[in-house]
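Text of the file target21.pdb, holding PDB, C-alpha atoms and all ligand atoms:
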ATOM      1  CA  MET V   1     -25.820  51.687 -34.126
ATOM      2  CA  LYS V   2     -28.901  52.365 -36.199
ATOM      3  CA  LYS V   3     -29.226  48.625 -36.876
ATOM      4  CA  SER V   4     -29.127  47.612 -33.193
ATOM      5  CA  ARG V   5     -31.945  50.079 -32.372
ATOM      6  CA  LYS V   6     -34.177  48.262 -34.858
ATOM      7  CA  ILE V   7     -33.237  44.850 -33.497
ATOM      8  CA  VAL V   8     -33.918  45.644 -29.822
ATOM      9  CA  PRO V   9     -37.669  46.345 -30.239
ATOM     10  CA  SER V  10     -38.071  43.236 -32.399
ATOM     11  CA  PHE V  11     -36.440  41.121 -29.658
ATOM     12  CA  ALA V  12     -38.764  42.759 -27.142
ATOM     13  CA  ALA V  13     -41.747  41.889 -29.362
ATOM     14  CA  LEU V  14     -40.514  38.301 -29.686
ATOM     15  CA  ALA V  15     -40.050  38.042 -25.903
ATOM     16  CA  ALA V  16     -43.574  39.430 -25.380
ATOM     17  CA  LEU V  17     -44.951  36.907 -27.885
ATOM     18  CA  LEU V  18     -43.144  34.011 -26.155
ATOM     19  CA  CYS V  19     -44.384  35.197 -22.740
ATOM     20  CA  SER V  20     -47.951  35.384 -24.042
ATOM     21  CA  LEU V  21     -47.619  31.854 -25.452
ATOM     22  CA  ALA V  22     -46.159  30.442 -22.234
ATOM     23  CA  GLN V  23     -49.542  30.316 -20.503
ATOM     24  CA  PRO V  24     -50.720  27.226 -18.605
ATOM     25  CA  ALA V  25     -51.906  24.447 -20.915
ATOM     26  CA  HIS V  26     -55.531  24.749 -19.795
ATOM     27  CA  ALA V  27     -55.745  28.461 -20.727
ATOM     28  CA  GLU V  28     -57.783  29.366 -23.806
ATOM     29  CA  SER V  29     -54.777  31.021 -25.433
ATOM     30  CA  GLY V  30     -51.109  30.146 -25.269
ATOM     31  CA  TRP V  31     -49.218  26.981 -26.116
ATOM     32  CA  ALA V  32     -52.422  24.945 -25.869
ATOM     33  CA  GLU V  33     -53.745  26.784 -28.941
ATOM     34  CA  LEU V  34     -50.715  25.771 -30.998
ATOM     35  CA  ASN V  35     -50.775  22.136 -29.977
ATOM     36  CA  MET V  36     -53.323  19.353 -30.375
ATOM     37  CA  THR V  37     -55.991  19.174 -27.721
ATOM     38  CA  ARG V  38     -55.798  16.386 -25.110
ATOM     39  CA  GLY V  39     -59.523  15.968 -25.590
ATOM     40  CA  VAL V  40     -62.123  14.233 -23.440
ATOM     41  CA  THR V  41     -61.815  10.584 -24.484
ATOM     42  CA  ALA V  42     -59.239   7.885 -23.726
ATOM     43  CA  ILE V  43     -58.451   7.639 -27.454
ATOM     44  CA  SER V  44     -57.952  11.396 -27.890
ATOM     45  CA  ARG V  45     -55.439  11.338 -24.991
ATOM     46  CA  GLN V  46     -53.621   8.346 -26.509
ATOM     47  CA  ILE V  47     -53.448  10.186 -29.853
ATOM     48  CA  TYR V  48     -52.099  13.256 -28.029
ATOM     49  CA  ASP V  49     -49.441  11.198 -26.200
ATOM     50  CA  LEU V  50     -48.451   9.559 -29.488
ATOM     51  CA  HIS V  51     -48.169  12.968 -31.131
ATOM     52  CA  MET V  52     -46.012  14.296 -28.268
ATOM     53  CA  MET V  53     -43.781  11.211 -28.344
ATOM     54  CA  CYS V  54     -43.200  11.654 -32.103
ATOM     55  CA  PHE V  55     -42.617  15.371 -31.547
ATOM     56  CA  TRP V  56     -39.863  14.740 -28.963
ATOM     57  CA  VAL V  57     -38.294  12.029 -31.147
ATOM     58  CA  CYS V  58     -38.145  14.631 -33.966
ATOM     59  CA  VAL V  59     -36.688  17.226 -31.573
ATOM     60  CA  GLY V  60     -34.016  14.703 -30.511
ATOM     61  CA  ILE V  61     -33.151  13.877 -34.137
ATOM     62  CA  GLY V  62     -33.059  17.597 -34.978
ATOM     63  CA  ILE V  63     -30.691  18.368 -32.084
ATOM     64  CA  VAL V  64     -28.316  15.508 -32.986
ATOM     65  CA  VAL V  65     -28.280  16.192 -36.756
ATOM     66  CA  PHE V  66     -28.004  19.996 -36.531
ATOM     67  CA  GLY V  67     -25.545  19.688 -33.611
ATOM     68  CA  VAL V  68     -23.153  17.511 -35.641
ATOM     69  CA  MET V  69     -23.662  19.703 -38.718
ATOM     70  CA  ILE V  70     -23.052  23.026 -36.961
ATOM     71  CA  TYR V  71     -20.082  21.589 -35.022
ATOM     72  CA  SER V  72     -18.519  20.333 -38.272
ATOM     73  CA  ILE V  73     -19.125  23.625 -40.098
ATOM     74  CA  VAL V  74     -17.594  25.673 -37.281
ATOM     75  CA  VAL V  75     -14.663  23.464 -36.255
ATOM     76  CA  PHE V  76     -13.645  22.204 -39.697
ATOM     77  CA  ARG V  77     -13.973  25.438 -41.648
ATOM     78  CA  HIS V  78     -11.650  26.447 -44.459
ATOM     79  CA  SER V  79     -10.347  29.555 -42.659
ATOM     80  CA  LYS V  80      -9.071  27.292 -39.858
ATOM     81  CA  GLY V  81      -7.050  25.361 -42.397
ATOM     82  CA  ALA V  82      -9.331  22.331 -42.755
ATOM     83  CA  VAL V  83      -8.553  20.159 -45.756
ATOM     84  CA  PRO V  84     -11.290  17.895 -47.205
ATOM     85  CA  ASP V  85     -10.622  14.155 -46.992
ATOM     86  CA  THR V  86     -11.260  13.060 -50.572
ATOM     87  CA  THR V  87      -9.992   9.526 -50.028
ATOM     88  CA  MET V  88     -12.860   8.335 -47.764
ATOM     89  CA  VAL V  89     -15.628   7.146 -50.100
ATOM     90  CA  HIS V  90     -16.939   4.160 -48.131
ATOM     91  CA  ASN V  91     -17.189   3.200 -44.474
ATOM     92  CA  THR V  92     -19.123   0.032 -43.677
ATOM     93  CA  LYS V  93     -19.330   0.742 -39.934
ATOM     94  CA  VAL V  94     -20.922   4.181 -40.481
ATOM     95  CA  GLU V  95     -23.358   2.812 -43.087
ATOM     96  CA  VAL V  96     -24.505   0.024 -40.762
ATOM     97  CA  ILE V  97     -25.052   2.551 -37.945
ATOM     98  CA  TRP V  98     -27.034   5.007 -40.081
ATOM     99  CA  THR V  99     -29.236   2.174 -41.326
ATOM    100  CA  ILE V 100     -29.879   0.492 -37.964
ATOM    101  CA  VAL V 101     -30.559   3.671 -35.971
ATOM    102  CA  PRO V 102     -33.392   5.035 -38.218
ATOM    103  CA  VAL V 103     -34.945   1.543 -38.504
ATOM    104  CA  ALA V 104     -34.916   1.219 -34.687
ATOM    105  CA  ILE V 105     -36.513   4.672 -34.350
ATOM    106  CA  LEU V 106     -39.212   3.793 -36.915
ATOM    107  CA  ILE V 107     -40.032   0.502 -35.166
ATOM    108  CA  GLY V 108     -40.096   2.302 -31.804
ATOM    109  CA  VAL V 109     -42.665   4.764 -33.182
ATOM    110  CA  ALA V 110     -44.668   2.275 -35.262
ATOM    111  CA  ILE V 111     -45.475  -0.131 -32.400
ATOM    112  CA  PRO V 112     -47.352   2.352 -30.154
ATOM    113  CA  ALA V 113     -48.908   3.996 -33.268
ATOM    114  CA  ALA V 114     -50.279   0.654 -34.500
ATOM    115  CA  ARG V 115     -51.619  -0.081 -31.015
ATOM    116  CA  VAL V 116     -53.640   3.185 -30.965
ATOM    117  CA  LEU V 117     -54.784   2.709 -34.572
ATOM    118  CA  ILE V 118     -56.142  -0.753 -33.747
ATOM    119  CA  ARG V 119     -58.019   0.649 -30.715
ATOM    120  CA  THR V 120     -59.650   3.372 -32.854
ATOM    121  CA  ALA V 121     -60.909   0.675 -35.243
ATOM    122  CA  ASP V 122     -62.344  -1.576 -32.522
ATOM    123  CA  VAL V 123     -66.058  -0.761 -32.607
ATOM    124  CA  SER V 124     -67.119  -3.872 -30.650
ATOM    125  CA  ASN V 125     -69.426  -3.621 -27.606
ATOM    126  CA  SER V 126     -70.816  -0.210 -28.536
ATOM    127  CA  GLN V 127     -73.903   0.874 -26.600
ATOM    128  CA  LEU V 128     -75.424   3.490 -28.914
ATOM    129  CA  THR V 129     -75.342   3.744 -32.708
ATOM    130  CA  VAL V 130     -75.705   6.990 -34.611
ATOM    131  CA  LYS V 131     -75.670   7.162 -38.397
ATOM    132  CA  VAL V 132     -74.042  10.383 -39.573
ATOM    133  CA  THR V 133     -74.783  11.524 -43.134
ATOM    134  CA  GLY V 134     -72.948  14.461 -44.680
ATOM    135  CA  TYR V 135     -74.834  16.785 -47.018
ATOM    136  CA  GLN V 136     -74.031  20.050 -48.781
ATOM    137  CA  TRP V 137     -74.046  21.642 -46.175
ATOM    138  CA  GLY V 138     -75.013  20.030 -42.931
ATOM    139  CA  TRP V 139     -75.197  16.730 -41.087
ATOM    140  CA  ASN V 140     -78.082  14.347 -40.566
ATOM    141  CA  TYR V 141     -78.034  12.289 -37.375
ATOM    142  CA  ASP V 142     -80.064   9.066 -37.108
ATOM    143  CA  TYR V 143     -80.216   7.362 -33.712
ATOM    144  CA  LEU V 144     -80.687   3.860 -35.060
ATOM    145  CA  GLN V 145     -81.999   2.222 -31.847
ATOM    146  CA  SER V 146     -84.691   4.832 -31.162
ATOM    147  CA  GLY V 147     -85.564   6.184 -34.607
ATOM    148  CA  VAL V 148     -84.811   9.775 -33.612
ATOM    149  CA  SER V 149     -83.489  11.694 -36.606
ATOM    150  CA  PHE V 150     -82.690  15.331 -37.285
ATOM    151  CA  PHE V 151     -80.682  17.623 -39.526
ATOM    152  CA  SER V 152     -77.957  19.789 -38.031
ATOM    153  CA  LYS V 153     -76.851  22.921 -39.861
ATOM    154  CA  LEU V 154     -75.139  26.275 -39.227
ATOM    155  CA  ASP V 155     -77.066  28.324 -36.644
ATOM    156  CA  ALA V 156     -79.261  31.134 -37.962
ATOM    157  CA  LEU V 157     -77.261  33.937 -36.323
ATOM    158  CA  SER V 158     -73.914  32.837 -37.818
ATOM    159  CA  ASN V 159     -75.629  32.298 -41.165
ATOM    160  CA  ALA V 160     -77.085  35.830 -41.121
ATOM    161  CA  ALA V 161     -73.777  37.389 -40.059
ATOM    162  CA  ARG V 162     -71.772  35.632 -42.793
ATOM    163  CA  GLN V 163     -73.858  37.113 -45.628
ATOM    164  CA  LEU V 164     -72.261  39.898 -47.672
ATOM    165  CA  ASP V 165     -73.114  43.336 -46.211
ATOM    166  CA  SER V 166     -75.111  41.732 -43.411
ATOM    167  CA  GLY V 167     -74.225  44.617 -41.125
ATOM    168  CA  ILE V 168     -73.723  42.140 -38.265
ATOM    169  CA  ASP V 169     -70.343  42.205 -36.559
ATOM    170  CA  PRO V 170     -69.214  38.534 -36.409
ATOM    171  CA  ASN V 171     -67.429  39.305 -33.129
ATOM    172  CA  THR V 172     -70.838  39.779 -31.523
ATOM    173  CA  VAL V 173     -72.057  36.331 -32.636
ATOM    174  CA  PRO V 174     -71.412  33.620 -30.017
ATOM    175  CA  HIS V 175     -69.295  30.792 -31.482
ATOM    176  CA  TYR V 176     -69.430  32.404 -34.925
ATOM    177  CA  LEU V 177     -69.432  29.658 -37.621
ATOM    178  CA  HIS V 178     -68.924  27.056 -34.878
ATOM    179  CA  ASN V 179     -72.527  26.721 -33.801
ATOM    180  CA  VAL V 180     -75.438  24.657 -35.145
ATOM    181  CA  ASP V 181     -79.212  24.654 -34.776
ATOM    182  CA  HIS V 182     -79.430  21.028 -33.531
ATOM    183  CA  PRO V 183     -76.299  19.588 -31.924
ATOM    184  CA  LEU V 184     -75.607  15.864 -31.800
ATOM    185  CA  VAL V 185     -76.593  14.867 -28.263
ATOM    186  CA  VAL V 186     -74.800  11.897 -26.685
ATOM    187  CA  PRO V 187     -74.439  10.400 -23.218
ATOM    188  CA  THR V 188     -71.073  10.473 -21.428
ATOM    189  CA  GLY V 189     -69.453   7.228 -20.262
ATOM    190  CA  THR V 190     -71.062   5.348 -23.173
ATOM    191  CA  LYS V 191     -69.344   3.775 -26.176
ATOM    192  CA  ILE V 192     -70.971   5.404 -29.192
ATOM    193  CA  LEU V 193     -70.638   3.841 -32.619
ATOM    194  CA  LEU V 194     -70.784   6.261 -35.539
ATOM    195  CA  LEU V 195     -71.687   4.992 -39.002
ATOM    196  CA  ILE V 196     -70.469   7.765 -41.272
ATOM    197  CA  THR V 197     -71.545   8.273 -44.871
ATOM    198  CA  ALA V 198     -72.528  11.081 -47.257
ATOM    199  CA  ASP V 199     -75.322  11.751 -49.700
ATOM    200  CA  ASP V 200     -73.677  13.991 -52.307
ATOM    201  CA  VAL V 201     -69.912  14.559 -52.141
ATOM    202  CA  ILE V 202     -67.142  13.516 -49.735
ATOM    203  CA  HIS V 203     -67.274  15.232 -46.341
ATOM    204  CA  SER V 204     -65.373  14.456 -43.161
ATOM    205  CA  TRP V 205     -66.695  14.374 -39.609
ATOM    206  CA  TRP V 206     -64.082  15.844 -37.296
ATOM    207  CA  VAL V 207     -64.313  16.699 -33.597
ATOM    208  CA  PRO V 208     -60.799  17.116 -32.137
ATOM    209  CA  ASP V 209     -61.874  16.763 -28.476
ATOM    210  CA  LEU V 210     -63.306  13.322 -29.252
ATOM    211  CA  GLY V 211     -60.252  12.163 -31.220
ATOM    212  CA  VAL V 212     -62.522  11.415 -34.194
ATOM    213  CA  LYS V 213     -61.924  12.329 -37.824
ATOM    214  CA  ARG V 214     -63.528  10.088 -40.406
ATOM    215  CA  ASP V 215     -64.348  10.663 -44.073
ATOM    216  CA  ALA V 216     -68.005  10.576 -45.092
ATOM    217  CA  VAL V 217     -68.025   8.990 -48.551
ATOM    218  CA  PRO V 218     -71.183   8.488 -50.669
ATOM    219  CA  GLY V 219     -71.912   4.770 -51.087
ATOM    220  CA  PHE V 220     -69.630   3.722 -48.222
ATOM    221  CA  ILE V 221     -70.129   3.457 -44.484
ATOM    222  CA  ASN V 222     -67.097   4.211 -42.342
ATOM    223  CA  GLU V 223     -67.204   3.095 -38.737
ATOM    224  CA  THR V 224     -65.648   4.848 -35.790
ATOM    225  CA  TRP V 225     -66.398   5.290 -32.113
ATOM    226  CA  PHE V 226     -65.876   7.508 -29.115
ATOM    227  CA  GLU V 227     -66.663   7.515 -25.418
ATOM    228  CA  VAL V 228     -66.692  10.843 -23.594
ATOM    229  CA  ASP V 229     -65.321  10.583 -20.019
ATOM    230  CA  ALA V 230     -68.180  10.158 -17.554
ATOM    231  CA  ASP V 231     -67.033  13.237 -15.618
ATOM    232  CA  LYS V 232     -66.704  15.496 -18.667
ATOM    233  CA  PRO V 233     -70.160  16.435 -19.938
ATOM    234  CA  GLY V 234     -69.990  19.531 -22.133
ATOM    235  CA  VAL V 235     -70.221  20.961 -25.621
ATOM    236  CA  TYR V 236     -67.492  19.914 -28.057
ATOM    237  CA  ARG V 237     -67.097  21.528 -31.457
ATOM    238  CA  GLY V 238     -65.700  20.443 -34.786
ATOM    239  CA  GLN V 239     -66.017  21.022 -38.512
ATOM    240  CA  CYS V 240     -66.261  19.268 -41.839
ATOM    241  CA  SER V 241     -62.621  18.663 -42.735
ATOM    242  CA  GLU V 242     -62.958  17.615 -46.378
ATOM    243  CA  LEU V 243     -63.151  20.371 -48.962
ATOM    244  CA  CYS V 244     -66.706  19.629 -50.085
ATOM    245  CA  GLY V 245     -67.776  22.644 -52.106
ATOM    246  CA  ARG V 246     -68.875  26.259 -51.884
ATOM    247  CA  ASP V 247     -70.120  26.248 -48.285
ATOM    248  CA  HIS V 248     -67.571  23.795 -46.882
ATOM    249  CA  ALA V 249     -66.593  26.349 -44.226
ATOM    250  CA  PHE V 250     -70.182  26.635 -43.048
ATOM    251  CA  MET V 251     -71.017  23.108 -41.869
ATOM    252  CA  PRO V 252     -69.770  22.952 -38.298
ATOM    253  CA  ILE V 253     -70.332  20.052 -35.903
ATOM    254  CA  VAL V 254     -71.482  20.463 -32.313
ATOM    255  CA  VAL V 255     -71.631  17.533 -29.888
ATOM    256  CA  ASP V 256     -73.507  18.040 -26.643
ATOM    257  CA  ALA V 257     -72.377  15.365 -24.173
ATOM    258  CA  LEU V 258     -74.920  14.953 -21.373
ATOM    259  CA  SER V 259     -74.892  12.727 -18.300
ATOM    260  CA  LYS V 260     -76.658   9.382 -18.865
ATOM    261  CA  ALA V 261     -79.766  10.526 -16.956
ATOM    262  CA  ASP V 262     -79.986  13.844 -18.853
ATOM    263  CA  PHE V 263     -79.501  12.034 -22.153
ATOM    264  CA  ALA V 264     -82.321   9.566 -21.355
ATOM    265  CA  THR V 265     -84.651  12.526 -20.660
ATOM    266  CA  TRP V 266     -83.565  14.299 -23.866
ATOM    267  CA  LEU V 267     -84.101  11.150 -25.940
ATOM    268  CA  LYS V 268     -87.571  10.585 -24.471
ATOM    269  CA  ASN V 269     -88.597  14.197 -25.196
ATOM    270  CA  GLU V 270     -87.131  14.022 -28.703
ATOM    271  CA  GLU V 271     -88.978  10.772 -29.477
ATOM    272  CA  ALA V 272     -92.250  12.294 -28.274
ATOM    273  CA  ALA V 273     -91.669  15.507 -30.251
ATOM    274  CA  GLN V 274     -90.851  13.607 -33.457
ATOM    275  CA  LYS V 275     -93.930  11.406 -33.079
ATOM    276  CA  THR V 276     -96.189  14.466 -32.960
ATOM    277  CA  GLN V 277     -94.273  16.091 -35.843
ATOM    278  CA  GLN V 278     -94.558  13.089 -38.152
ATOM    279  CA  PRO V 279     -98.367  13.144 -38.703
ATOM    280  CA  ALA V 280     -98.215  16.929 -39.215
ATOM    281  CA  GLN V 281     -95.361  16.545 -41.741
ATOM    282  CA  ALA V 282     -97.223  13.737 -43.539
ATOM    283  CA  ALA V 283    -100.386  15.874 -43.729
ATOM    284  CA  ALA V 284     -98.381  18.841 -45.099
ATOM    285  CA  ALA V 285     -96.740  16.592 -47.709
ATOM    286  CA  ALA V 286    -100.154  15.166 -48.744
ATOM    287  CA  THR V 287    -101.587  18.690 -49.116
ATOM    288  CA  ALA V 288     -98.607  19.763 -51.224
ATOM    289  CA  ALA V 289     -98.944  16.669 -53.455
ATOM    290  CA  ALA V 290    -102.700  17.262 -53.905
ATOM    291  CA  ARG V 291    -102.012  20.894 -54.845
ATOM    292  CA  GLN V 292     -99.402  19.778 -57.428
ATOM    293  CA  THR V 293    -101.894  17.348 -59.004
ATOM    294  CA  GLN V 294    -104.553  20.082 -59.056
ATOM    295  CA  LEU V 295    -102.147  22.511 -60.770
ATOM    296  CA  ALA V 296    -101.136  19.839 -63.318
ATOM    297  CA  ASP V 297    -104.812  19.100 -64.100
ATOM    298  CA  THR V 298    -105.601  22.810 -64.505
ATOM    299  CA  SER V 299    -102.698  23.400 -66.902
ATOM    300  CA  ALA V 300    -103.608  20.262 -68.922
ATOM    301  CA  ALA V 301    -107.199  21.500 -69.244
ATOM    302  CA  HIS V 302    -105.979  24.800 -70.725
TER     303      HIS V 302
HETATM  304 CU    CU V 401     -68.445  18.998 -45.973
END

Is it possible to give me this structure as structure tokens?
Amino acid sequence: MKKSRKIVPSFAALAALLCSLAQPAHAESGWAELNMTRGVTAISRQIYDLHMMCFWVCVGIGIVVFGVMIYSIVVFRHSKGAVPDTTMVHNTKVEVIWTIVPVAILIGVAIPAARVLIRTADVSNSQLTVKVTGYQWGWNYDYLQSGVSFFSKLDALSNAARQLDSGIDPNTVPHYLHNVDHPLVVPTGTKILLLITADDVIHSWWVPDLGVKRDAVPGFINETWFEVDADKPGVYRGQCSELCGRDHAFMPIVVDALSKADFATWLKNEEAAQKTQQPAQAAAAATAAARQTQLADTSAAH
């Protein structure tokens, strides 16, 4: 009696948990949070469909295997008088079946998987090229056709809140640890080629909504591509997904997908801003170098 009282609330809690999970797929919480995202590119949806197909194949295998196992355990149990058949050591028919069936399943899964893999590697006919360089701890983006270049790191508010005894409640920080100072800006409906590398250690550029996850390896350039649906401009977030050192958890990725017209305006403004910044930066660097030489001369004279 005492035992059943304990079980009833736990069943109620489980039912409540299942109800809370059974939200529509587009909701922010629920089943959608447990599963992969469908994303906003054709490739990300193909990856999702592939994942779901493999999932249901596994569910089918699980049902068949556990079904046969549980049936055998229950029906042929010792207390029912079952006697083990110790004479059957080989059965060619069964062995052929349990070889052919898994091979057929593997081929059935491998063909669509290979098709998607080949599409992810096809970087031909890209319309915009961005070189992505991983650093400890941030990302540099170079727009190779226009010369626009900037560094993207954790936003100042998240960075302040993450410090020990900062006194800032992380719950009050918008997109805590998932926000950057300069997001990667791209146009929608455009095939974007990413050339991914790193300058210090191995990082990995990962944005689930784009269906992109590629290692950034020093000395190597890995190619990948994505094309955000023309009708899905928005902000898509990701993270470095290669354990790259102390602040690995603090190098998020933010991609701001704009319409083609908005992107053209952004690029024009960015080009103009960087042109005015460059002489100022060069002048500052020259002043710093002159000061260093002056200091060196002074110390040599003493
Ligand atoms: Cu990293």

Legend entry - Long-range neighbours of segment 43-59 of chain V as JSON, numbers by chain, 9 Å cut-off, only C-alpha atoms, 2 positions minimum in chain: {"V": [36, 37, 38, 39, 40, 41, 61, 62, 63, 64, 105, 109, 112, 113, 116, 117, 119, 120, 208, 209, 210, 211, 212, 226, 227]}

With C-alpha atoms retained, export the selected residues as a short mmCIF file (atom, residue, chain, number, x, y, z; two decimals), in the frame of the given file.
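out_17.cif was written with the following content:
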data_model
loop_
_atom_site.label_atom_id
_atom_site.label_comp_id
_atom_site.auth_asym_id
_atom_site.auth_seq_id
_atom_site.Cartn_x
_atom_site.Cartn_y
_atom_site.Cartn_z
CA MET V 36 -53.32 19.35 -30.38
CA THR V 37 -55.99 19.17 -27.72
CA ARG V 38 -55.80 16.39 -25.11
CA GLY V 39 -59.52 15.97 -25.59
CA VAL V 40 -62.12 14.23 -23.44
CA THR V 41 -61.82 10.58 -24.48
CA ILE V 61 -33.15 13.88 -34.14
CA GLY V 62 -33.06 17.60 -34.98
CA ILE V 63 -30.69 18.37 -32.08
CA VAL V 64 -28.32 15.51 -32.99
CA ILE V 105 -36.51 4.67 -34.35
CA VAL V 109 -42.66 4.76 -33.18
CA PRO V 112 -47.35 2.35 -30.15
CA ALA V 113 -48.91 4.00 -33.27
CA VAL V 116 -53.64 3.18 -30.96
CA LEU V 117 -54.78 2.71 -34.57
CA ARG V 119 -58.02 0.65 -30.72
CA THR V 120 -59.65 3.37 -32.85
CA PRO V 208 -60.80 17.12 -32.14
CA ASP V 209 -61.87 16.76 -28.48
CA LEU V 210 -63.31 13.32 -29.25
CA GLY V 211 -60.25 12.16 -31.22
CA VAL V 212 -62.52 11.42 -34.19
CA PHE V 226 -65.88 7.51 -29.12
CA GLU V 227 -66.66 7.52 -25.42
#

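With only C-alpha atoms and all ligand atoms counted, the chains near ligand CU 401 (chain V) contribute these residues within 7 Å: Gly134, Tyr135, Gln136, Trp137, Ile202, His203, Ser204, Cys240, Ser241, Glu242, Leu243, Cys244, His248 and Met251 of chain V.
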
Legend entry - Between atom CA of Ser72 of chain V and atom CA of Val94 of chain V, distance in Å (one decimal):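 Computing the Euclidean distance for atom CA of Ser72 of chain V and atom CA of Val94 of chain V yields 16.5 Å.
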
Inset, instruction - Would you kindly translate the PyMOL selection byres (((chain V and resi 224) around 10) and not hetatm) into the concrete residues it picks from this file, as a list in words? - result: Thr120, Ala121, Asp122, Val123, Ile192, Leu193, Leu194, Leu195, Ile196, Val212, Lys213, Arg214, Ile221, Asn222, Glu223, Trp225 and Phe226 of chain V

Any chance you could export the current selection's C-alpha atoms as a PDB file, in the frame of the given file?
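Dumped to out.pdb:
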ATOM      1  CA  THR V 120     -59.650   3.372 -32.854  1.00  0.00           C
ATOM      2  CA  ALA V 121     -60.909   0.675 -35.243  1.00  0.00           C
ATOM      3  CA  ASP V 122     -62.344  -1.576 -32.522  1.00  0.00           C
ATOM      4  CA  VAL V 123     -66.058  -0.761 -32.607  1.00  0.00           C
ATOM      5  CA  ILE V 192     -70.971   5.404 -29.192  1.00  0.00           C
ATOM      6  CA  LEU V 193     -70.638   3.841 -32.619  1.00  0.00           C
ATOM      7  CA  LEU V 194     -70.784   6.261 -35.539  1.00  0.00           C
ATOM      8  CA  LEU V 195     -71.687   4.992 -39.002  1.00  0.00           C
ATOM      9  CA  ILE V 196     -70.469   7.765 -41.272  1.00  0.00           C
ATOM     10  CA  VAL V 212     -62.522  11.415 -34.194  1.00  0.00           C
ATOM     11  CA  LYS V 213     -61.924  12.329 -37.824  1.00  0.00           C
ATOM     12  CA  ARG V 214     -63.528  10.088 -40.406  1.00  0.00           C
ATOM     13  CA  ILE V 221     -70.129   3.457 -44.484  1.00  0.00           C
ATOM     14  CA  ASN V 222     -67.097   4.211 -42.342  1.00  0.00           C
ATOM     15  CA  GLU V 223     -67.204   3.095 -38.737  1.00  0.00           C
ATOM     16  CA  TRP V 225     -66.398   5.290 -32.113  1.00  0.00           C
ATOM     17  CA  PHE V 226     -65.876   7.508 -29.115  1.00  0.00           C
TER      18      PHE V 226
END

Inset, instruction - Measuring atom to atom with all atoms listed in the file, identify which of V:Val217, V:Leu157, V:Leu128, V:Leu258 is nearest to Leu177 of chain V. - result: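 For Leu177 of chain V, the nearest of the given residues is V:Leu157.
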
Legend entry - Using all atoms listed in the file: which of V:Thr99, V:Gly81, V:Trp206, V:Phe250 has the shortest distance to Ala160 of chain V: V:Phe250

Legend entry - Nearest residue to Ile253 of chain V from the set V:Gly147, V:Pro218, V:Gly167, V:Pro183 (distances using only C-alpha atoms):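 For Ile253 of chain V, the nearest of the candidates is V:Pro183.
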
Inset, instruction - May I ask which of the residues V:Ser149, V:Asp155, V:Pro252, V:Val235 is the closest one to Lys275 of chain V, counting all atoms listed in the file? - result: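 Distance minimum relative to Lys275 of chain V lands on V:Ser149.
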
Hey, can you pull every residue with an atom no more than 12 Å from (-72.3, 34.4, -41.7), using all atoms listed in the file, and send it as a compact mmCIF listing (two decimals) with C-alpha atoms, in the coordinates of the input?
# COMPACT_ATOMS: atom_id res chain seq x y z
CA LEU V 154 -75.14 26.28 -39.23
CA ASP V 155 -77.07 28.32 -36.64
CA ALA V 156 -79.26 31.13 -37.96
CA LEU V 157 -77.26 33.94 -36.32
CA SER V 158 -73.91 32.84 -37.82
CA ASN V 159 -75.63 32.30 -41.16
CA ALA V 160 -77.08 35.83 -41.12
CA ALA V 161 -73.78 37.39 -40.06
CA ARG V 162 -71.77 35.63 -42.79
CA GLN V 163 -73.86 37.11 -45.63
CA LEU V 164 -72.26 39.90 -47.67
CA ASP V 165 -73.11 43.34 -46.21
CA SER V 166 -75.11 41.73 -43.41
CA GLY V 167 -74.22 44.62 -41.12
CA ILE V 168 -73.72 42.14 -38.26
CA ASP V 169 -70.34 42.20 -36.56
CA PRO V 170 -69.21 38.53 -36.41
CA ASN V 171 -67.43 39.30 -33.13
CA THR V 172 -70.84 39.78 -31.52
CA VAL V 173 -72.06 36.33 -32.64
CA PRO V 174 -71.41 33.62 -30.02
CA HIS V 175 -69.30 30.79 -31.48
CA TYR V 176 -69.43 32.40 -34.92
CA LEU V 177 -69.43 29.66 -37.62
CA HIS V 178 -68.92 27.06 -34.88
CA ASN V 179 -72.53 26.72 -33.80
CA ASP V 247 -70.12 26.25 -48.28
CA ALA V 249 -66.59 26.35 -44.23
CA PHE V 250 -70.18 26.64 -43.05
CA MET V 251 -71.02 23.11 -41.87

Legend entry - Length of the atom CA of Val130 of chain V to atom CA of Ala42 of chain V vector [Å]: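 One can read the atom CA of Val130 of chain V to atom CA of Ala42 of chain V distance as 19.8 Å.
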